[in-house]
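query-v5.cif (mmCIF, C-alpha atoms) appears below.
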data_protein
#
loop_
_atom_site.label_atom_id
_atom_site.label_comp_id
_atom_site.auth_asym_id
_atom_site.auth_seq_id
_atom_site.Cartn_x
_atom_site.Cartn_y
_atom_site.Cartn_z
CA MET A 167 0.00 0.00 0.00
CA THR A 168 1.13 3.53 -0.73
CA THR A 169 1.33 6.21 1.94
CA GLY A 170 -1.87 7.79 0.63
CA GLU A 171 -3.76 4.48 0.71
CA LYS A 172 -2.62 3.85 4.30
CA ILE A 173 -3.73 7.31 5.43
CA GLU A 174 -7.12 6.79 3.80
CA ALA A 175 -7.55 3.31 5.38
CA LEU A 176 -6.57 4.53 8.86
CA ARG A 177 -8.86 7.56 8.52
CA HIS A 178 -11.80 5.29 7.68
CA GLU A 179 -10.98 3.07 10.69
CA LYS A 180 -11.22 6.12 12.94
CA GLY A 181 -14.47 7.19 11.29
CA LEU A 182 -13.04 10.54 10.27
CA SER A 183 -13.80 12.59 7.18
CA GLN A 184 -11.04 14.32 5.25
CA GLU A 185 -12.20 17.63 6.69
CA ALA A 186 -12.24 16.26 10.27
CA LEU A 187 -8.73 14.85 9.91
CA GLY A 188 -7.54 18.14 8.42
CA GLU A 189 -8.95 20.03 11.41
CA LYS A 190 -7.06 17.80 13.84
CA LEU A 191 -3.86 18.51 11.95
CA GLY A 192 -4.58 22.21 11.36
CA LEU A 193 -4.71 21.68 7.58
CA SER A 194 -7.27 21.97 4.80
CA ARG A 195 -9.35 19.15 3.35
CA GLN A 196 -7.50 19.61 0.04
CA ALA A 197 -4.19 18.78 1.73
CA VAL A 198 -5.58 15.48 3.07
CA SER A 199 -7.11 14.73 -0.33
CA LYS A 200 -3.74 15.21 -2.05
CA TRP A 201 -2.03 12.87 0.44
CA GLU A 202 -4.60 10.13 -0.14
CA ALA A 203 -4.34 10.55 -3.92
CA ASP A 204 -0.50 10.34 -3.64
CA GLN A 205 -0.21 13.77 -5.23
CA ALA A 206 1.75 15.08 -2.24
CA VAL A 207 3.76 13.69 0.68
CA PRO A 208 3.10 14.88 4.27
CA THR A 209 5.85 16.83 5.94
CA MET A 210 7.84 15.20 8.76
CA ASP A 211 5.81 17.10 11.38
CA ASN A 212 2.56 15.93 9.79
CA LEU A 213 3.83 12.33 9.63
CA VAL A 214 4.66 12.38 13.33
CA GLU A 215 1.19 13.79 14.10
CA LEU A 216 -0.48 11.12 11.90
CA SER A 217 1.58 8.45 13.68
CA ARG A 218 0.30 9.73 17.01
CA LEU A 219 -3.33 9.94 15.87
CA PHE A 220 -3.45 6.51 14.23
CA GLY A 221 -1.13 4.71 16.66
CA VAL A 222 1.21 3.40 13.94
CA PRO A 223 4.93 4.04 13.38
CA VAL A 224 5.98 6.69 10.85
CA ASP A 225 8.02 4.05 9.02
CA THR A 226 4.84 2.01 8.52
CA LEU A 227 3.18 4.99 6.86
CA LEU A 228 6.10 5.64 4.53
CA ARG A 229 7.24 2.17 3.45
CA PRO A 230 5.04 0.50 0.78
CA ASP A 231 6.20 -2.97 1.86
CA GLU A 232 5.27 -2.42 5.51
CA PRO A 233 1.67 -3.63 6.17
CA LEU A 234 -0.66 -1.87 8.53
CA PRO A 235 -0.88 -3.45 11.99
CA ASP A 236 -3.78 -5.74 12.82
CA LYS A 237 -6.21 -3.51 14.68
CA GLU A 238 -8.05 -6.49 16.20
CA LYS A 239 -4.88 -7.76 17.83
CA LYS A 240 -4.72 -7.13 21.55
CA PRO A 241 -2.06 -4.68 22.68
CA SER A 242 1.18 -6.09 23.97
CA GLU A 243 1.72 -6.51 27.66
CA GLY A 244 2.52 -3.24 29.36
CA ILE A 245 0.82 -1.08 26.69
CA THR A 246 -2.44 0.70 27.44
CA ILE A 247 -4.60 2.22 24.70
CA ALA A 248 -6.97 4.98 25.78
CA PRO A 249 -10.71 4.66 24.91
CA ASP A 250 -10.52 7.29 22.19
CA GLY A 251 -7.90 5.19 20.42
CA PHE A 252 -5.53 8.08 19.91
CA ARG A 253 -3.13 7.82 22.86
CA VAL A 254 -0.75 4.98 23.57
CA THR A 255 0.78 4.78 27.04
CA TYR A 256 3.84 2.65 27.74
CA SER A 257 3.76 1.75 31.39
CA PRO A 258 7.12 0.05 32.01
CA VAL A 259 10.13 2.20 32.84
CA LEU A 260 12.61 2.18 29.98
CA THR A 261 15.91 0.50 30.62
CA GLN A 262 19.17 1.99 29.39
CA LYS A 263 19.40 -0.69 26.71
CA THR A 264 15.84 0.05 25.56
CA LYS A 265 16.60 3.78 25.38
CA TRP A 266 19.61 3.16 23.19
CA PHE A 267 17.54 0.85 21.01
CA ILE A 268 14.87 3.55 20.59
CA ILE A 269 17.51 6.17 19.78
CA ILE A 270 19.09 3.94 17.13
CA VAL A 271 15.69 3.13 15.63
CA ALA A 272 14.80 6.84 15.60
CA LEU A 273 18.06 7.69 13.85
CA LEU A 274 17.50 4.96 11.28
CA LEU A 275 13.94 6.18 10.78
CA PHE A 276 15.15 9.76 10.36
CA VAL A 277 17.75 8.70 7.80
CA SER A 278 15.11 6.61 6.01
CA VAL A 279 12.65 9.51 5.84
CA ILE A 280 15.29 11.96 4.62
CA GLY A 281 16.44 9.42 2.02
CA ASN A 282 12.87 8.91 0.83
CA LEU A 283 12.26 12.65 0.55
CA LEU A 284 15.49 13.15 -1.38
CA SER A 285 14.61 10.22 -3.61
CA ILE A 286 11.19 11.70 -4.33
CA GLY A 287 12.76 15.02 -5.30
CA TYR A 288 15.34 13.31 -7.48
CA VAL A 289 12.70 11.16 -9.18
CA GLN A 290 10.57 14.23 -9.88
CA MET A 291 13.59 15.97 -11.41
CA LEU A 292 14.29 12.93 -13.60
CA GLN A 293 10.65 12.78 -14.66
CA THR A 294 10.80 16.43 -15.70
CA GLN A 295 13.98 15.85 -17.70
CA VAL A 296 12.54 12.73 -19.38
CA GLU A 297 9.34 14.57 -20.29
CA ASN A 298 11.31 17.50 -21.72
CA LEU A 299 13.46 15.08 -23.70
CA ARG A 300 10.38 13.29 -25.05
CA LEU A 301 8.83 16.57 -26.15
CA ARG A 302 12.08 17.61 -27.81
CA VAL A 303 12.35 14.34 -29.71
CA GLU A 304 8.77 14.72 -30.94
CA SER A 305 9.40 18.35 -31.87
CA VAL A 306 12.62 17.60 -33.74
CA ALA A 307 10.92 14.72 -35.57
CA ALA A 308 8.09 17.05 -36.59
CA GLN A 309 10.61 19.70 -37.59
CA MET A 310 12.56 17.25 -39.75
CA GLN A 311 9.34 16.09 -41.38
CA GLN A 312 8.33 19.69 -42.06
CA ALA A 313 11.79 20.52 -43.38
CA ASP A 314 11.21 18.01 -46.17
CA THR A 315 8.34 20.16 -47.47
CA GLU A 316 9.47 22.71 -50.04
CA TYR A 317 7.29 25.65 -50.98
CA ALA A 318 7.87 26.03 -54.70
CA PRO A 319 7.48 29.36 -56.54
CA ALA A 320 4.58 29.68 -58.94
CA GLU A 321 6.86 30.52 -61.87
CA GLY A 322 9.94 28.79 -63.28
CA LYS A 323 11.69 25.53 -62.53
CA THR A 324 13.46 24.61 -59.30
CA GLU A 325 17.12 23.62 -59.32
CA GLN A 326 18.71 21.84 -56.40
CA ASP A 327 22.46 21.63 -55.71
CA ALA A 328 22.97 24.66 -57.98
CA LEU A 329 24.72 26.71 -55.28
CA SER A 330 28.27 26.35 -54.07
CA ASP A 331 27.49 28.22 -50.86
CA TYR A 332 24.58 29.98 -49.14
CA ASP A 333 23.48 31.37 -45.78
CA ILE A 334 20.13 32.26 -44.19
CA ALA A 335 20.21 34.37 -41.03
CA TYR A 336 17.03 35.54 -39.29
CA ASP A 337 15.79 37.10 -36.09
CA LEU A 338 12.46 38.17 -34.69
CA GLN A 339 11.38 41.83 -34.78
CA TYR A 340 8.54 43.08 -32.56
CA ASN A 341 6.85 46.48 -32.81
CA PRO A 342 3.39 46.82 -31.20
CA ASN A 343 2.80 50.06 -33.12
CA LYS A 344 2.91 48.37 -36.54
CA THR A 345 0.01 46.67 -38.30
CA VAL A 346 2.04 43.45 -38.43
CA THR A 347 3.55 43.48 -34.95
CA THR A 348 5.81 40.42 -35.28
CA THR A 349 8.12 39.94 -38.26
CA LEU A 350 11.27 38.09 -39.25
CA LYS A 351 14.31 40.04 -40.41
CA LEU A 352 16.14 37.97 -43.04
CA SER A 353 19.73 38.28 -44.25
CA LEU A 354 20.39 36.09 -47.31
CA SER A 355 23.41 35.16 -49.37
CA ALA A 356 23.92 32.65 -52.20
CA ARG A 357 26.78 31.85 -54.59
CA PRO A 358 25.59 30.05 -57.75
CA LYS A 359 27.85 27.45 -59.34
CA GLU A 360 26.98 28.94 -62.75
CA LEU A 361 27.10 32.73 -62.85
CA ASN A 362 25.51 34.60 -65.77
CA GLN A 363 25.46 38.14 -64.46
CA ASN A 364 25.31 39.73 -67.92
CA THR A 365 22.26 37.82 -69.07
CA GLU A 366 20.22 37.09 -65.92
CA THR A 367 18.36 39.34 -63.49
CA PRO A 368 18.63 38.11 -59.88
CA LYS A 369 16.33 38.36 -56.87
CA PHE A 370 15.61 36.36 -53.75
CA THR A 371 12.21 34.69 -53.44
CA ILE A 372 10.82 33.63 -50.06
CA GLN A 373 7.94 31.22 -50.42
CA SER A 374 5.52 30.00 -47.74
CA ALA A 375 2.17 28.24 -47.91
CA GLY A 376 0.18 30.40 -50.34
CA GLU A 377 2.40 33.44 -49.78
CA SER A 378 5.47 34.85 -51.50
CA TRP A 379 7.90 37.71 -50.90
CA THR A 380 10.88 38.95 -52.90
CA CYS A 381 13.87 41.18 -52.28
CA ALA A 382 16.75 42.52 -54.37
CA ALA A 383 19.87 40.36 -54.80
CA ILE A 384 23.11 42.36 -55.07
CA LEU A 385 26.25 40.78 -56.55
CA GLU A 386 29.32 40.94 -54.35
CA GLN A 387 32.99 40.74 -55.35
CA ASP A 388 33.16 37.06 -54.31
CA ASN A 389 30.45 36.28 -56.92
CA SER A 390 27.77 35.75 -54.27
CA TYR A 391 24.40 37.50 -54.17
CA VAL A 392 23.25 39.11 -50.91
CA GLY A 393 19.92 40.58 -49.83
CA SER A 394 17.84 41.46 -46.78
CA THR A 395 14.15 41.94 -46.07
CA GLU A 396 11.43 41.52 -43.46
CA ILE A 397 8.49 39.16 -43.71
CA PRO A 398 5.62 38.33 -41.34
CA LEU A 399 6.48 35.58 -38.86
CA ARG A 400 5.63 32.23 -40.44
CA ASP A 401 6.36 28.78 -39.05
CA ALA A 402 8.11 27.66 -42.25
CA PHE A 403 9.36 29.11 -45.52
CA THR A 404 11.65 28.22 -48.43
CA VAL A 405 14.27 30.56 -49.88
CA TYR A 406 15.34 30.64 -53.57
CA LEU A 407 17.76 32.67 -55.61
CA THR A 408 15.58 33.46 -58.64
CA LEU A 409 17.44 34.16 -61.92
CA THR A 410 15.47 35.40 -64.95
CA ASP A 411 16.98 35.38 -68.44
CA ARG A 412 16.60 38.87 -69.91
CA GLU A 413 16.05 37.69 -73.50
CA SER A 414 13.98 34.51 -73.21
CA GLY A 415 12.31 35.22 -69.87
CA THR A 416 13.27 31.76 -68.61
CA VAL A 417 13.18 31.59 -64.80
CA ARG A 418 15.50 29.45 -62.70
CA ASN A 419 14.84 29.06 -58.97
CA LEU A 420 18.03 27.97 -57.19
CA LEU A 421 17.03 26.35 -53.88
CA LEU A 422 18.76 27.54 -50.71
CA GLU A 423 16.87 25.82 -47.90
CA THR A 424 13.53 25.29 -46.17
CA VAL A 425 13.48 26.76 -42.66
CA SER A 426 10.81 25.42 -40.28
CA GLY A 427 9.74 25.48 -36.64
CA LEU A 428 10.10 29.25 -36.31
CA GLU A 429 6.96 29.86 -34.27
CA LYS A 430 8.19 27.42 -31.62
CA GLU A 431 11.75 28.71 -31.84
CA PHE A 432 10.52 32.14 -30.71
CA ASP A 433 8.06 30.70 -28.20
CA ILE A 434 8.33 29.86 -24.50
CA SER A 435 6.43 27.33 -22.41
CA CYS A 436 5.75 28.65 -18.93
CA GLY A 437 4.22 27.35 -15.73
CA TYR A 438 4.00 28.23 -12.07
CA THR A 439 3.14 26.62 -8.75
CA TRP A 440 1.82 28.24 -5.57
CA HIS A 441 3.28 27.33 -2.18
CA ALA A 442 1.47 28.30 1.01
CA GLY A 443 2.61 28.24 4.64
CA ASP A 444 5.55 29.90 6.34
CA ASN A 445 8.04 31.16 3.77
CA GLY A 446 6.02 29.38 1.09
CA SER A 447 7.28 25.99 2.25
CA ASN A 448 4.00 24.07 2.30
CA PRO A 449 2.62 23.20 -1.16
CA ASP A 450 -0.36 21.34 0.36
CA ASP A 451 -2.51 24.31 1.45
CA ASN A 452 -4.47 26.72 -0.70
CA VAL A 453 -2.86 30.17 -0.80
CA VAL A 454 -6.28 31.82 -1.01
CA GLN A 455 -8.05 31.92 2.36
CA VAL A 456 -11.34 33.58 3.33
CA GLN A 457 -12.23 34.65 6.88
CA ASN A 458 -14.98 37.03 8.00
CA GLY A 459 -15.49 38.25 4.45
CA VAL A 460 -11.82 39.09 3.97
CA THR A 461 -9.80 37.32 1.24
CA THR A 462 -6.11 36.73 1.87
CA VAL A 463 -3.67 35.65 -0.84
CA SER A 464 -0.39 34.69 0.78
CA GLY A 465 2.46 32.44 -0.31
CA THR A 466 5.31 32.02 -2.75
CA VAL A 467 4.98 31.55 -6.51
CA SER A 468 7.61 29.41 -8.25
CA ALA A 469 7.62 30.07 -12.01
CA PHE A 470 9.55 28.15 -14.66
CA PHE A 471 10.13 28.95 -18.32
CA TYR A 472 11.40 26.43 -20.86
CA GLN A 473 11.47 25.69 -24.57
CA ILE A 474 10.80 22.28 -26.08
CA TRP A 475 11.70 23.21 -29.67
CA TYR A 476 15.40 23.44 -30.45
CA ARG A 477 16.99 24.32 -33.76
CA LEU A 478 18.53 21.42 -35.62
CA ASP A 479 21.86 23.24 -35.79
CA GLY A 480 22.19 23.02 -32.00
CA MET A 481 21.56 26.71 -31.25
CA PRO A 482 20.22 27.39 -27.71
CA MET A 483 16.79 28.88 -26.97
CA ARG A 484 16.56 32.36 -28.45
CA CYS A 485 13.51 33.60 -26.55
CA HIS A 486 13.70 33.92 -22.77
CA PRO A 487 12.04 35.91 -19.97
CA VAL A 488 13.58 39.14 -18.71
CA SER A 489 10.99 40.13 -16.09
CA ALA A 490 7.75 38.80 -14.58
CA ARG A 491 5.13 39.76 -12.05
CA MET A 492 2.02 38.34 -10.35
CA VAL A 493 -1.11 40.51 -10.35
CA LEU A 494 -4.37 40.37 -8.36
CA LEU A 495 -7.32 41.47 -10.50
CA GLN A 496 -11.00 42.22 -10.11
CA GLY A 497 -12.21 42.13 -13.67
CA ASP A 498 -10.00 44.59 -15.57
CA THR A 499 -8.97 46.45 -12.39
CA GLU A 500 -5.49 45.78 -11.02
CA LEU A 501 -5.65 45.60 -7.21
CA GLN A 502 -2.20 44.36 -6.18
CA SER A 503 1.02 43.27 -7.89
CA ALA A 504 4.37 41.77 -6.91
CA ALA A 505 7.52 41.40 -9.00
CA PHE A 506 9.36 38.12 -9.49
CA SER A 507 13.05 37.77 -8.92
CA ALA A 508 15.23 38.08 -12.02
CA PRO A 509 14.81 34.85 -14.05
CA GLU A 510 17.84 32.56 -13.68
CA TRP A 511 18.95 29.70 -15.92
CA ASP A 512 18.96 26.20 -14.37
CA ALA A 513 21.48 24.18 -16.39
CA ASP A 514 20.39 20.86 -14.85
CA LEU A 515 16.70 21.24 -15.75
CA GLU A 516 17.45 23.37 -18.83
CA ARG A 517 14.94 26.07 -17.98
CA TYR A 518 14.66 29.49 -16.38
CA HIS A 519 13.07 29.91 -12.97
CA ALA A 520 11.96 32.83 -10.78
CA GLU A 521 10.16 33.27 -7.47
CA CYS A 522 7.74 35.83 -6.10
CA ALA A 523 6.32 36.29 -2.56
CA VAL A 524 2.83 37.76 -2.14
CA ASP A 525 0.81 38.77 0.92
CA TRP A 526 -2.40 40.48 -0.15
CA THR A 527 -5.62 41.17 1.77
CA VAL A 528 -8.80 42.55 0.16
CA ASP A 529 -12.46 42.88 1.20
CA ILE A 530 -13.64 41.08 -1.94
CA PRO A 531 -14.84 37.45 -2.21
CA PRO A 532 -12.46 35.14 -4.14
CA GLU A 533 -15.17 34.39 -6.74
CA GLN A 534 -14.71 37.96 -8.01
CA LEU A 535 -10.90 37.84 -8.08
CA GLN A 536 -8.39 36.64 -10.66
CA LEU A 537 -4.64 35.94 -10.44
CA MET A 538 -2.64 36.96 -13.50
CA MET A 539 0.86 35.78 -14.36
CA GLU A 540 2.54 38.33 -16.64
CA TYR A 541 6.03 38.26 -18.11
CA THR A 542 8.05 40.11 -20.73
CA ASP A 543 10.46 38.32 -23.06
CA ASN A 544 13.73 39.57 -24.52
CA TYR A 545 11.91 40.82 -27.64
CA GLY A 546 9.61 43.08 -25.60
CA ARG A 547 6.50 40.93 -25.97
CA VAL A 548 4.19 40.82 -22.92
CA HIS A 549 2.42 37.53 -22.18
CA GLN A 550 -0.39 36.98 -19.69
CA LEU A 551 -2.29 34.09 -18.14
CA VAL A 552 -5.33 34.69 -15.92
CA GLN A 553 -6.53 32.14 -13.35
CA ASP A 554 -9.56 32.35 -11.06
CA ALA A 555 -8.37 33.16 -7.53
CA LYS A 556 -10.56 30.44 -6.02
CA ASP A 557 -8.40 27.86 -7.85
CA GLY A 558 -5.08 29.34 -6.66
CA GLY A 559 -2.62 26.86 -5.20
CA GLU A 560 -4.61 23.70 -5.95
CA THR A 561 -2.97 22.84 -9.26
CA GLU A 562 0.25 23.36 -11.12
CA ILE A 563 -0.40 25.44 -14.23
CA THR A 564 1.54 25.13 -17.44
CA PHE A 565 0.82 27.16 -20.53
CA ASN A 566 2.35 28.01 -23.88
CA PHE A 567 2.50 31.43 -25.55
#
Could you write out this file's structure as structure tokens?
Amino acid sequence: MTTGEKIEALRHEKGLSQEALGEKLGLSRQAVSKWEADQAVPTMDNLVELSRLFGVPVDTLLRPDEPLPDKEKKPSEGITIAPDGFRVTYSPVLTQKTKWFIIIVALLLFVSVIGNLLSIGYVQMLQTQVENLRLRVESVAAQMQQADTEYAPAEGKTEQDALSDYDIAYDLQYNPNKTVTTTLKLSLSARPKELNQNTETPKFTIQSAGESWTCAAILEQDNSYVGSTEIPLRDAFTVYLTLTDRESGTVRNLLLETVSGLEKEFDISCGYTWHAGDNGSNPDDNVVQVQNGVTTVSGTVSAFFYQIWYRLDGMPMRCHPVSARMVLLQGDTELQSAAFSAPEWDADLERYHAECAVDWTVDIPPEQLQLMMEYTDNYGRVHQLVQDAKDGGETEITFNF
């Protein structure tokens, strides 16, 4: 049996509801529910209190291979169980040998609990890394499949392997004051194997699904054509050096490359988790509490930012957060806000993380409140996610922009 299953079984034996058990421990019903569903592990203090309430060792609660004691079995000689079933009294005076035995067992139990907690944290970290790796593999596979799709120009024939060298450089441009706010700035170069500068007119053609853009191609001294332009952000496009014969009008489209996965390359996946309790150390309790008509939002927010789409050439993530804040809203009205710490890169988990502490009190019911996560990336784009305040702290939220 898991720890959660044991807690649920012992609670039923005592005839307690989740709410009643939470009251005895000074916790919410949601915290007990998460324990029993094995979505969270009780703290050491809570384990000791559960051990006292149920009359079972902490080690029995933690170890899956340790069965629950037989409740019908009569207590051992010298042990008295009170009528309420919650207190165990050991009558005999402990000998020195027994004391040492208890101390050794306690130390072993402490080491076991610490080891289990560390193992749980390590397993969760591995699960995160495996999930990120799986998403990357799927993304790269999709990117490779998309890279095989060439968007051909409507005019002329396409020639492959007709260039001795080429380069496509691009970066995102963001201007909220423009009609098209997000564009790609392209810098192109191509050196054809066969150069007919006296008879052919050159230009670069950028082709996407149902769309096409062109820019001038200027011949350099090294016999390569260069050009630059801006196009709307598209997930994939194909670049050609288009050469048109001045006499016959024959068009040759010399293929450079198909670039794909751009929307994900300039995208970030983001999530955050609320932690309640002192110094935000208890993830089991809801951070939103209501008492006497007053709503309190108190705890620590742990945010993480990562990217599951990586360029095939091994370049690192190009889009990353530069600032973030948590905001308390009532409709469109901003009531309170708190800034996150500067996002820092975690090389082990390959993601950015930031933290923010909040302690807000308002005379408004939580049903009318919203919590908004807002962050700005290195291109100046502002992203927002709004969550109902009544749901705060009960789930981990992950979202993509």
Here's the selection I'm unsure about, the PyMOL selection byres ((chain A and resi 228-235) around 12); applied to the file above, which residues does it give, as a short mmCIF file (atom, residue, chain, number, x, y, z; two decimals) with C-alpha atoms, in the frame of the given file?
data_model
loop_
_atom_site.label_atom_id
_atom_site.label_comp_id
_atom_site.auth_asym_id
_atom_site.auth_seq_id
_atom_site.Cartn_x
_atom_site.Cartn_y
_atom_site.Cartn_z
CA MET A 167 0.00 0.00 0.00
CA THR A 168 1.13 3.53 -0.73
CA THR A 169 1.33 6.21 1.94
CA GLY A 170 -1.87 7.79 0.63
CA GLU A 171 -3.76 4.48 0.71
CA LYS A 172 -2.62 3.85 4.30
CA ILE A 173 -3.73 7.31 5.43
CA GLU A 174 -7.12 6.79 3.80
CA ALA A 175 -7.55 3.31 5.38
CA LEU A 176 -6.57 4.53 8.86
CA GLU A 179 -10.98 3.07 10.69
CA TRP A 201 -2.03 12.87 0.44
CA ASP A 204 -0.50 10.34 -3.64
CA VAL A 207 3.76 13.69 0.68
CA PRO A 208 3.10 14.88 4.27
CA THR A 209 5.85 16.83 5.94
CA MET A 210 7.84 15.20 8.76
CA LEU A 213 3.83 12.33 9.63
CA VAL A 214 4.66 12.38 13.33
CA LEU A 216 -0.48 11.12 11.90
CA SER A 217 1.58 8.45 13.68
CA PHE A 220 -3.45 6.51 14.23
CA GLY A 221 -1.13 4.71 16.66
CA VAL A 222 1.21 3.40 13.94
CA PRO A 223 4.93 4.04 13.38
CA VAL A 224 5.98 6.69 10.85
CA ASP A 225 8.02 4.05 9.02
CA THR A 226 4.84 2.01 8.52
CA LEU A 227 3.18 4.99 6.86
CA ASP A 236 -3.78 -5.74 12.82
CA LYS A 237 -6.21 -3.51 14.68
CA GLU A 238 -8.05 -6.49 16.20
CA LYS A 239 -4.88 -7.76 17.83
CA LYS A 240 -4.72 -7.13 21.55
CA PRO A 241 -2.06 -4.68 22.68
CA LEU A 275 13.94 6.18 10.78
CA PHE A 276 15.15 9.76 10.36
CA SER A 278 15.11 6.61 6.01
CA VAL A 279 12.65 9.51 5.84
CA ILE A 280 15.29 11.96 4.62
CA GLY A 281 16.44 9.42 2.02
CA ASN A 282 12.87 8.91 0.83
CA LEU A 283 12.26 12.65 0.55
CA ILE A 286 11.19 11.70 -4.33
#
| What lies within 6 Å of Glu521 in chain A using all atoms listed in the file, ignoring chain neighbours under 3 positions off, as an MDAnalysis selection string? | chainID A and resid 467:468 506:507
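Nearest residue to Val454 in chain A among A:Ser489, A:Thr527, A:Thr408, A:Ser390 is A:Thr527, counting all atoms listed in the file.
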| Residue IDs satisfying the PyMOL selection byres ((chain A and resi 333) around 6), as a list in words | Tyr332, Ile334, Leu354 and Ser355 of chain A
| note | Expressed in Å, the length from CA of Tyr545 in chain A to CA of Cys522 in chain A is 22.5 Å
List as an mmCIF file with C-alpha atoms, keeping the file's coordinate frame: which residues have an atom within 12 Å of (-1.4, 44.7, -6.8), counting only C-alpha atoms?
data_model
loop_
_atom_site.group_PDB
_atom_site.id
_atom_site.type_symbol
_atom_site.label_atom_id
_atom_site.label_comp_id
_atom_site.auth_asym_id
_atom_site.auth_seq_id
_atom_site.Cartn_x
_atom_site.Cartn_y
_atom_site.Cartn_z
ATOM 1 C CA VAL A 463 -3.670 35.650 -0.840
ATOM 2 C CA ARG A 491 5.130 39.760 -12.050
ATOM 3 C CA MET A 492 2.020 38.340 -10.350
ATOM 4 C CA VAL A 493 -1.110 40.510 -10.350
ATOM 5 C CA LEU A 494 -4.370 40.370 -8.360
ATOM 6 C CA LEU A 495 -7.320 41.470 -10.500
ATOM 7 C CA GLN A 496 -11.000 42.220 -10.110
ATOM 8 C CA THR A 499 -8.970 46.450 -12.390
ATOM 9 C CA GLU A 500 -5.490 45.780 -11.020
ATOM 10 C CA LEU A 501 -5.650 45.600 -7.210
ATOM 11 C CA GLN A 502 -2.200 44.360 -6.180
ATOM 12 C CA SER A 503 1.020 43.270 -7.890
ATOM 13 C CA ALA A 504 4.370 41.770 -6.910
ATOM 14 C CA ALA A 505 7.520 41.400 -9.000
ATOM 15 C CA VAL A 524 2.830 37.760 -2.140
ATOM 16 C CA ASP A 525 0.810 38.770 0.920
ATOM 17 C CA TRP A 526 -2.400 40.480 -0.150
ATOM 18 C CA THR A 527 -5.620 41.170 1.770
ATOM 19 C CA VAL A 528 -8.800 42.550 0.160
ATOM 20 C CA LEU A 535 -10.900 37.840 -8.080
ATOM 21 C CA GLN A 536 -8.390 36.640 -10.660
ATOM 22 C CA LEU A 537 -4.640 35.940 -10.440
ATOM 23 C CA MET A 538 -2.640 36.960 -13.500
ATOM 24 C CA MET A 539 0.860 35.780 -14.360
#
| query | From the set A:Leu191, A:Leu338, A:Ala318, A:Leu428, which residue has the shortest atom-to-atom contact distance to Ser378 in chain A, counting all atoms listed in the file? | reply |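 Smallest distance to Ser378 in chain A is found for A:Ala318.
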| field | Target residues per the PyMOL selection byres ((chain A and resi 320) around 12), formatted as a PyMOL selection string | value | chain A and resi 317-319+321-324+371-379+408+417-419
| request: Go ahead and compute the interatomic distance for CA of Ser353 in chain A and CA of Arg547 in chain A, in Å to one decimal. | output: 22.7 Å
| message | One number please: CA of Val488 in chain A to CA of Pro509 in chain A, in Å, one decimal. | response | 6.5 Å
